[in-house]
Amino acid sequence: MEMEMEMGKKLSSAAKTLTPSPIQELSHLAQRCNAINLAEGFPDFPAPSHLKNAAVSAILSDFNQYRHVQGICENLARIMKEMHGLDVDPLTDIAICCGQSEAFVAAMFALIDPGDEVILFDPSYETYGGCITMAGGIPVYVDLDPPHWTLDPYKLMKSFTVKTKAIVLNSVGYLNELTEIGLCLELSPKTLMNQECSPHNPTGKVFTKDELEIIAGACLTKDCLAITDEVYEYITFDDKKHVTLASLPGMQKRTIITSSLSKTFGVTGWRVGWAIASASIASAIRNIHIKITDSAPAPFQVAAVTALKSPPEYFELLRRDYKFKRDFITEMLAGIGFQIQFKPQGSVFVFAALPENCILSDVQFIKEMIKEAGVVAVPGCGFFHTIQPSDKSPPADLSYQKRYIRFAFCKSDATLAAAAQKIGGLLDARGRLKLL
């Protein structure tokens with residue numbers, strides 16, 4: 001034990017700040033307890049057959065060594081032109097990585113110097129802050145206001161300092177016209193530094209085009225870069241449409257887009273992702289990727305070309321299927337007392353508030369739900385990082401940070417139905433949750 005403690009002292013300062021992923025730990029718990037896993041955002045239904053066949057064919061054709069499959073870059077350049085009107089050079093502007101996660105961390109190492117600050121929206125996906133810290137940067141969290149996760153422009157602007165280096169976005173989108181008019185004044189400057197470009201994890205929020213224009217204006221004014229996570233770009237609902245920040249005037253050269261096959265094609269274990277950026281930044285990300293992992297899995301790169309050539313019907317069916325799952329789980333949760341104050345506009349998660357009369361915290365509720373119902377979800381507190389201000393400002397009410405649960409609905413209909421039955425078994429004769 002003493003030797004282990006001595007070895008622990010030799011860890012880097014960055015490593016000492018990192019802790020095991022609570023989401024993965026809950027997934028492991030679900031496996032050990034044979035519980036239904038609504039914690040981690042990966043499908044439990046089969047991947048598309050034509051993609052699996054393409055991967056098997058690549059393996060049998062001996063695409064099993066280090067490899068760069070240029071066809072991925074060619075197809076991504078085509079898609080960026082067709083979807084967003086962007087001219088991307090497939091030879092210089094794209095780096096293939098081992099998933100979006102590696103693309104993002106490589107971007108951090110390519111751009112962030114020790115002491116640089118990067119602003120994130122809170123609640124925020126856990127990986128982002130850790131990547132910034134490993135690169136020597138300082139995450140600065142700006143809390144979005146529940147229940148609709150709006151951003152206070154004053155809070156955002158107050159977070160800027162001379163050390164601010166990058167804008168991180170994980171929830172960019174374009175709502176239908178009526179919704180856009182109704183929301184744009186509330187949320188405007190908020191999107192400045194949020195790791196988002198596809199629907200936001202964990203809330204499922206999609207920002208308006210007006211909000212994106214405010215973000216772009218701030219980037220240009222403050223001379224900041226923007227790093228976007230666009231893995232949910234095809235999973236939007238209710239006529240919402242994804243718009244990349246890079247498509248706004250003046251933003252293509254200062255935006256680094258990261259994304260992957262994982263969510264769109266249900267292959268989270270393949271680890272094929274990419275970064276799209278200006279040639280100099282893409283080159284730096286590519287060089288870092290080569291030093292870390294050398295190559296994304298070769299046969300899955302080959303299969304990725306097949307995925308990227310999927311017809312429009314595939315994406316339409318994807319949205320339709322996930323909308324059905326979203327509606328099923330939100331109706332189920334509302335029926336047992338959860339407060340669905342904000343229905344996800346995209347992604348594969350619902351961020352539900354505990355019933356108003358529930359005296360348990362989010363962590364306590366999850367423990368009881370695992371024990372009593374055999375269902376695992378994620379306590380929302382793990383996504384919140386905002387703390388009480390250290391200055392003389394009035395203390396903020398942050399109690400809501402322990403009142404949310406994130407449920408993943410990227411599961412088969414049978415799994416969701418079984419989860420509903422198990423959770424429904426927690427209701428008493430009056431239809432109220434016994435855990436309250």
# chains A, B, ... in the order shown; residues from 1 in each chain; ligands from 1

call {"tool": "select_by_dssp", "arguments": {"residues": "range 69-281 of chain A", "states": "helix (DSSP H, G or I)", "output": "PyMOL selection string"}}
result
chain A and resi 70-84+99-111+126-134+153-158+177-193+209-222+245-247+262-265+279-281

call {"tool": "select_by_dssp", "arguments": {"residues": "range 230-358 of chain A", "states": "strand (DSSP E or B)", "output": "tab-separated table (two decimals) with N, CA, C and O atoms, in the first residue's frame"}}
result
chain	number	residue	atom	x	y	z
A	236	THR	N	-31.65	14.77	-35.26
A	236	THR	CA	-32.43	15.93	-34.81
A	236	THR	C	-33.91	15.64	-35.06
A	236	THR	O	-34.25	14.84	-35.93
A	241	LYS	N	-32.87	21.30	-37.93
A	241	LYS	CA	-31.84	20.90	-38.89
A	241	LYS	C	-30.48	21.38	-38.40
A	241	LYS	O	-30.34	22.51	-37.94
A	255	THR	N	-12.73	27.45	-37.51
A	255	THR	CA	-13.50	26.37	-36.88
A	255	THR	C	-12.85	25.03	-37.13
A	255	THR	O	-12.45	24.73	-38.26
A	256	ILE	N	-12.74	24.23	-36.09
A	256	ILE	CA	-12.27	22.85	-36.20
A	256	ILE	C	-13.48	21.96	-35.92
A	256	ILE	O	-13.99	21.94	-34.80
A	257	ILE	N	-13.95	21.25	-36.93
A	257	ILE	CA	-15.09	20.35	-36.80
A	257	ILE	C	-14.58	18.96	-36.43
A	257	ILE	O	-13.68	18.44	-37.08
A	258	THR	N	-15.14	18.38	-35.37
A	258	THR	CA	-14.82	16.98	-35.06
A	258	THR	C	-16.11	16.16	-35.11
A	258	THR	O	-17.16	16.63	-34.69
A	259	SER	N	-16.00	14.95	-35.62
A	259	SER	CA	-17.17	14.08	-35.69
A	259	SER	C	-16.70	12.65	-35.92
A	259	SER	O	-15.50	12.36	-35.90
A	260	SER	N	-17.66	11.74	-36.15
A	260	SER	CA	-17.29	10.33	-36.31
A	260	SER	C	-18.46	9.55	-36.90
A	260	SER	O	-19.56	10.07	-37.09
A	273	GLY	N	-13.09	8.44	-36.66
A	273	GLY	CA	-13.57	9.82	-36.59
A	273	GLY	C	-12.66	10.72	-37.40
A	273	GLY	O	-11.74	10.25	-38.08
A	274	TRP	N	-12.91	12.02	-37.30
A	274	TRP	CA	-12.13	12.95	-38.12
A	274	TRP	C	-12.21	14.36	-37.55
A	274	TRP	O	-13.08	14.70	-36.75
A	275	ALA	N	-11.26	15.16	-38.00
A	275	ALA	CA	-11.27	16.59	-37.76
A	275	ALA	C	-11.17	17.28	-39.11
A	275	ALA	O	-10.39	16.86	-39.97
A	276	ILE	N	-11.98	18.32	-39.29
A	276	ILE	CA	-11.97	19.12	-40.52
A	276	ILE	C	-11.58	20.53	-40.13
A	276	ILE	O	-12.23	21.15	-39.27
A	339	GLN	N	-40.17	15.23	-14.35
A	339	GLN	CA	-40.52	16.51	-14.95
A	339	GLN	C	-39.78	16.65	-16.28
A	339	GLN	O	-38.57	16.87	-16.31
A	346	GLY	N	-32.72	16.88	-30.17
A	346	GLY	CA	-31.76	16.05	-30.90
A	346	GLY	C	-30.97	15.22	-29.92
A	346	GLY	O	-31.22	15.25	-28.72
A	349	PHE	N	-30.37	11.34	-25.90
A	349	PHE	CA	-30.53	11.43	-24.45
A	349	PHE	C	-31.72	12.31	-24.08
A	349	PHE	O	-32.05	13.26	-24.80
A	350	VAL	N	-32.32	11.99	-22.93
A	350	VAL	CA	-33.28	12.89	-22.32
A	350	VAL	C	-32.73	13.22	-20.94
A	350	VAL	O	-32.28	12.34	-20.20
A	351	PHE	N	-32.73	14.51	-20.60
A	351	PHE	CA	-32.22	15.00	-19.32
A	351	PHE	C	-33.43	15.39	-18.50
A	351	PHE	O	-33.98	16.48	-18.63
A	352	ALA	N	-33.87	14.46	-17.66
A	352	ALA	CA	-35.16	14.60	-16.98
A	352	ALA	C	-34.96	15.02	-15.53
A	352	ALA	O	-34.06	14.51	-14.84
A	353	ALA	N	-35.79	15.95	-15.07
A	353	ALA	CA	-35.74	16.39	-13.68
A	353	ALA	C	-36.51	15.41	-12.80
A	353	ALA	O	-37.58	14.91	-13.18

call {"tool": "residues_around", "arguments": {"residues": "Leu26 in chain A", "least_positions_apart": "2", "cutoff": "9 Å", "atoms": "only C-alpha atoms", "output": "number ranges by chain"}}
result
A: 21-24, 28-31, 37, 39-40, 376-378

call {"tool": "write_last_selection", "arguments": {"atoms": "all heavy atoms", "output": "mmCIF file, in the first residue's frame"}}
result
data_model
loop_
_atom_site.group_PDB
_atom_site.id
_atom_site.type_symbol
_atom_site.label_atom_id
_atom_site.label_comp_id
_atom_site.auth_asym_id
_atom_site.auth_seq_id
_atom_site.Cartn_x
_atom_site.Cartn_y
_atom_site.Cartn_z
ATOM 1 N N SER A 21 -14.306 7.510 -15.544
ATOM 2 C CA SER A 21 -15.565 7.995 -16.097
ATOM 3 C C SER A 21 -16.731 7.394 -15.322
ATOM 4 O O SER A 21 -16.895 6.160 -15.299
ATOM 5 C CB SER A 21 -15.686 7.612 -17.571
ATOM 6 O OG SER A 21 -17.023 7.730 -18.016
ATOM 7 N N PRO A 22 -17.576 8.221 -14.687
ATOM 8 C CA PRO A 22 -18.729 7.658 -13.973
ATOM 9 C C PRO A 22 -19.713 6.974 -14.911
ATOM 10 O O PRO A 22 -20.391 6.022 -14.513
ATOM 11 C CB PRO A 22 -19.351 8.884 -13.293
ATOM 12 C CG PRO A 22 -18.872 10.064 -14.084
ATOM 13 C CD PRO A 22 -17.509 9.689 -14.581
ATOM 14 N N ILE A 23 -19.777 7.431 -16.153
ATOM 15 C CA ILE A 23 -20.694 6.816 -17.112
ATOM 16 C C ILE A 23 -20.235 5.405 -17.439
ATOM 17 O O ILE A 23 -21.025 4.451 -17.446
ATOM 18 C CB ILE A 23 -20.798 7.674 -18.393
ATOM 19 C CG1 ILE A 23 -21.364 9.068 -18.063
ATOM 20 C CG2 ILE A 23 -21.674 6.984 -19.438
ATOM 21 C CD1 ILE A 23 -21.390 10.016 -19.240
ATOM 22 N N GLN A 24 -18.931 5.228 -17.698
ATOM 23 C CA GLN A 24 -18.427 3.892 -17.984
ATOM 24 C C GLN A 24 -18.509 2.991 -16.755
ATOM 25 O O GLN A 24 -18.787 1.790 -16.868
ATOM 26 C CB GLN A 24 -16.988 3.972 -18.497
ATOM 27 C CG GLN A 24 -16.883 4.552 -19.900
ATOM 28 C CD GLN A 24 -15.519 4.356 -20.512
ATOM 29 O OE1 GLN A 24 -14.610 3.837 -19.887
ATOM 30 N NE2 GLN A 24 -15.362 4.792 -21.758
ATOM 31 N N HIS A 28 -20.338 -0.593 -16.526
ATOM 32 C CA HIS A 28 -19.741 -1.825 -15.990
ATOM 33 C C HIS A 28 -20.614 -2.404 -14.887
ATOM 34 O O HIS A 28 -20.770 -3.629 -14.778
ATOM 35 C CB HIS A 28 -18.339 -1.527 -15.465
ATOM 36 C CG HIS A 28 -17.384 -1.071 -16.521
ATOM 37 N ND1 HIS A 28 -16.254 -0.325 -16.263
ATOM 38 C CD2 HIS A 28 -17.407 -1.245 -17.872
ATOM 39 C CE1 HIS A 28 -15.624 -0.078 -17.389
ATOM 40 N NE2 HIS A 28 -16.301 -0.619 -18.382
ATOM 41 N N LEU A 29 -21.189 -1.514 -14.057
ATOM 42 C CA LEU A 29 -22.093 -1.974 -13.004
ATOM 43 C C LEU A 29 -23.312 -2.668 -13.603
ATOM 44 O O LEU A 29 -23.766 -3.705 -13.100
ATOM 45 C CB LEU A 29 -22.522 -0.795 -12.134
ATOM 46 C CG LEU A 29 -23.540 -1.092 -11.026
ATOM 47 C CD1 LEU A 29 -22.960 -2.086 -10.028
ATOM 48 C CD2 LEU A 29 -23.955 0.200 -10.322
ATOM 49 N N ALA A 30 -23.830 -2.085 -14.688
ATOM 50 C CA ALA A 30 -24.991 -2.693 -15.351
ATOM 51 C C ALA A 30 -24.656 -4.105 -15.836
ATOM 52 O O ALA A 30 -25.471 -5.031 -15.727
ATOM 53 C CB ALA A 30 -25.443 -1.823 -16.526
ATOM 54 N N GLN A 31 -23.428 -4.279 -16.371
ATOM 55 C CA GLN A 31 -23.023 -5.601 -16.832
ATOM 56 C C GLN A 31 -22.935 -6.582 -15.674
ATOM 57 O O GLN A 31 -23.421 -7.717 -15.770
ATOM 58 C CB GLN A 31 -21.664 -5.504 -17.545
ATOM 59 C CG GLN A 31 -21.733 -4.848 -18.917
ATOM 60 C CD GLN A 31 -20.367 -4.783 -19.584
ATOM 61 O OE1 GLN A 31 -19.352 -4.581 -18.926
ATOM 62 N NE2 GLN A 31 -20.340 -4.950 -20.882
ATOM 63 N N ASN A 37 -29.095 -1.161 -19.284
ATOM 64 C CA ASN A 37 -28.165 -0.028 -19.353
ATOM 65 C C ASN A 37 -28.761 1.121 -20.165
ATOM 66 O O ASN A 37 -28.727 1.107 -21.397
ATOM 67 C CB ASN A 37 -26.842 -0.490 -19.966
ATOM 68 C CG ASN A 37 -25.789 0.605 -19.957
ATOM 69 O OD1 ASN A 37 -26.049 1.729 -19.547
ATOM 70 N ND2 ASN A 37 -24.596 0.269 -20.411
ATOM 71 N N ALA A 39 -27.524 4.078 -19.406
ATOM 72 C CA ALA A 39 -26.521 5.050 -18.993
ATOM 73 C C ALA A 39 -25.671 5.520 -20.166
ATOM 74 O O ALA A 39 -25.609 6.716 -20.466
ATOM 75 C CB ALA A 39 -25.625 4.456 -17.899
ATOM 76 N N GLU A 40 -25.033 4.591 -20.838
ATOM 77 C CA GLU A 40 -24.070 4.974 -21.867
ATOM 78 C C GLU A 40 -24.733 5.055 -23.235
ATOM 79 O O GLU A 40 -25.605 4.244 -23.566
ATOM 80 C CB GLU A 40 -22.907 3.983 -21.894
ATOM 81 C CG GLU A 40 -21.672 4.546 -22.546
ATOM 82 C CD GLU A 40 -20.412 3.752 -22.204
ATOM 83 O OE1 GLU A 40 -20.509 2.726 -21.505
ATOM 84 O OE2 GLU A 40 -19.331 4.165 -22.641
ATOM 85 N N VAL A 376 -30.123 1.125 -15.056
ATOM 86 C CA VAL A 376 -29.032 2.061 -14.803
ATOM 87 C C VAL A 376 -29.182 3.282 -15.705
ATOM 88 O O VAL A 376 -29.404 3.152 -16.913
ATOM 89 C CB VAL A 376 -27.667 1.407 -15.073
ATOM 90 C CG1 VAL A 376 -26.533 2.402 -14.815
ATOM 91 C CG2 VAL A 376 -27.486 0.176 -14.202
ATOM 92 N N ALA A 377 -29.073 4.470 -15.122
ATOM 93 C CA ALA A 377 -28.999 5.722 -15.875
ATOM 94 C C ALA A 377 -27.877 6.546 -15.242
ATOM 95 O O ALA A 377 -27.145 6.057 -14.378
ATOM 96 C CB ALA A 377 -30.341 6.452 -15.846
ATOM 97 N N VAL A 378 -27.719 7.800 -15.653
ATOM 98 C CA VAL A 378 -26.592 8.609 -15.192
ATOM 99 C C VAL A 378 -27.088 9.771 -14.338
ATOM 100 O O VAL A 378 -27.926 10.562 -14.800
ATOM 101 C CB VAL A 378 -25.777 9.171 -16.377
ATOM 102 C CG1 VAL A 378 -24.594 10.005 -15.873
ATOM 103 C CG2 VAL A 378 -25.279 8.041 -17.262
#

call {"tool": "atom_distance", "arguments": {"atom1": "CA of Gly380 in chain A", "atom2": "CA of Asp122 in chain A"}}
result
11.1 Å

call {"tool": "residues_around", "arguments": {"residues": "Pro139 in chain A", "least_positions_apart": "4", "cutoff": "7 Å", "atoms": "only C-alpha atoms", "output": "ChimeraX atom specification"}}
result
/A:117-120,129,132

call {"tool": "write_last_selection", "arguments": {"atoms": "N, CA, C and O atoms", "output": "tab-separated table (two decimals), in the first residue's frame"}}
result
chain	number	residue	atom	x	y	z
A	117	GLU	N	-7.25	29.53	-21.69
A	117	GLU	CA	-8.58	29.23	-21.18
A	117	GLU	C	-9.54	28.86	-22.31
A	117	GLU	O	-9.48	29.44	-23.40
A	118	VAL	N	-10.39	27.89	-22.03
A	118	VAL	CA	-11.40	27.44	-22.99
A	118	VAL	C	-12.74	27.42	-22.27
A	118	VAL	O	-12.87	26.80	-21.21
A	119	ILE	N	-13.72	28.09	-22.82
A	119	ILE	CA	-15.02	28.20	-22.17
A	119	ILE	C	-15.96	27.10	-22.66
A	119	ILE	O	-16.04	26.82	-23.85
A	120	LEU	N	-16.66	26.49	-21.72
A	120	LEU	CA	-17.62	25.42	-22.01
A	120	LEU	C	-18.97	25.77	-21.40
A	120	LEU	O	-19.04	26.42	-20.37
A	129	GLY	N	-13.64	18.72	-20.57
A	129	GLY	CA	-12.79	19.37	-19.59
A	129	GLY	C	-11.50	18.62	-19.36
A	129	GLY	O	-10.42	19.22	-19.22
A	132	ILE	N	-9.02	19.28	-22.18
A	132	ILE	CA	-8.44	20.62	-22.06
A	132	ILE	C	-7.37	20.64	-20.98
A	132	ILE	O	-6.27	21.19	-21.16

call {"tool": "atom_distance", "arguments": {"atom1": "CA of Phe160 in chain A", "atom2": "CA of Ser399 in chain A"}}
result
25.5 Å

call {"tool": "residues_around", "arguments": {"residues": "Pro48 in chain A", "least_positions_apart": "3", "cutoff": "8 Å", "atoms": "only C-alpha atoms", "output": "ChimeraX atom specification"}}
result
/A:51-52,265-266

call {"tool": "write_last_selection", "arguments": {"atoms": "C-alpha atoms", "output": "PDB file, in the first residue's frame"}}
result
ATOM      1  CA  LEU A  51     -21.595  -1.742 -43.022  1.00  0.00           C
ATOM      2  CA  LYS A  52     -20.766  -4.992 -41.229  1.00  0.00           C
ATOM      3  CA  PHE A 265     -24.182   4.493 -37.907  1.00  0.00           C
ATOM      4  CA  GLY A 266     -24.352   2.745 -34.535  1.00  0.00           C
TER       5      GLY A 266
END

call {"tool": "residues_around", "arguments": {"residues": "Phe237 in chain A", "least_positions_apart": "5", "cutoff": "7 Å", "atoms": "only C-alpha atoms", "output": "PDB file with N, CA and C atoms, in the first residue's frame"}}
result
ATOM      1  N   ARG A 319     -33.639   9.268 -38.190  1.00  0.00           N
ATOM      2  CA  ARG A 319     -34.353  10.300 -37.425  1.00  0.00           C
ATOM      3  C   ARG A 319     -35.719   9.797 -36.969  1.00  0.00           C
ATOM      4  N   LYS A 323     -36.795   9.399 -33.139  1.00  0.00           N
ATOM      5  CA  LYS A 323     -37.903  10.227 -32.652  1.00  0.00           C
ATOM      6  C   LYS A 323     -38.926   9.357 -31.929  1.00  0.00           C
ATOM      7  N   GLN A 345     -34.381  18.063 -28.491  1.00  0.00           N
ATOM      8  CA  GLN A 345     -34.561  18.417 -29.892  1.00  0.00           C
ATOM      9  C   GLN A 345     -33.622  17.622 -30.798  1.00  0.00           C
ATOM     10  N   GLY A 346     -32.716  16.878 -30.172  1.00  0.00           N
ATOM     11  CA  GLY A 346     -31.764  16.051 -30.902  1.00  0.00           C
ATOM     12  C   GLY A 346     -30.969  15.218 -29.921  1.00  0.00           C
TER      13      GLY A 346
END
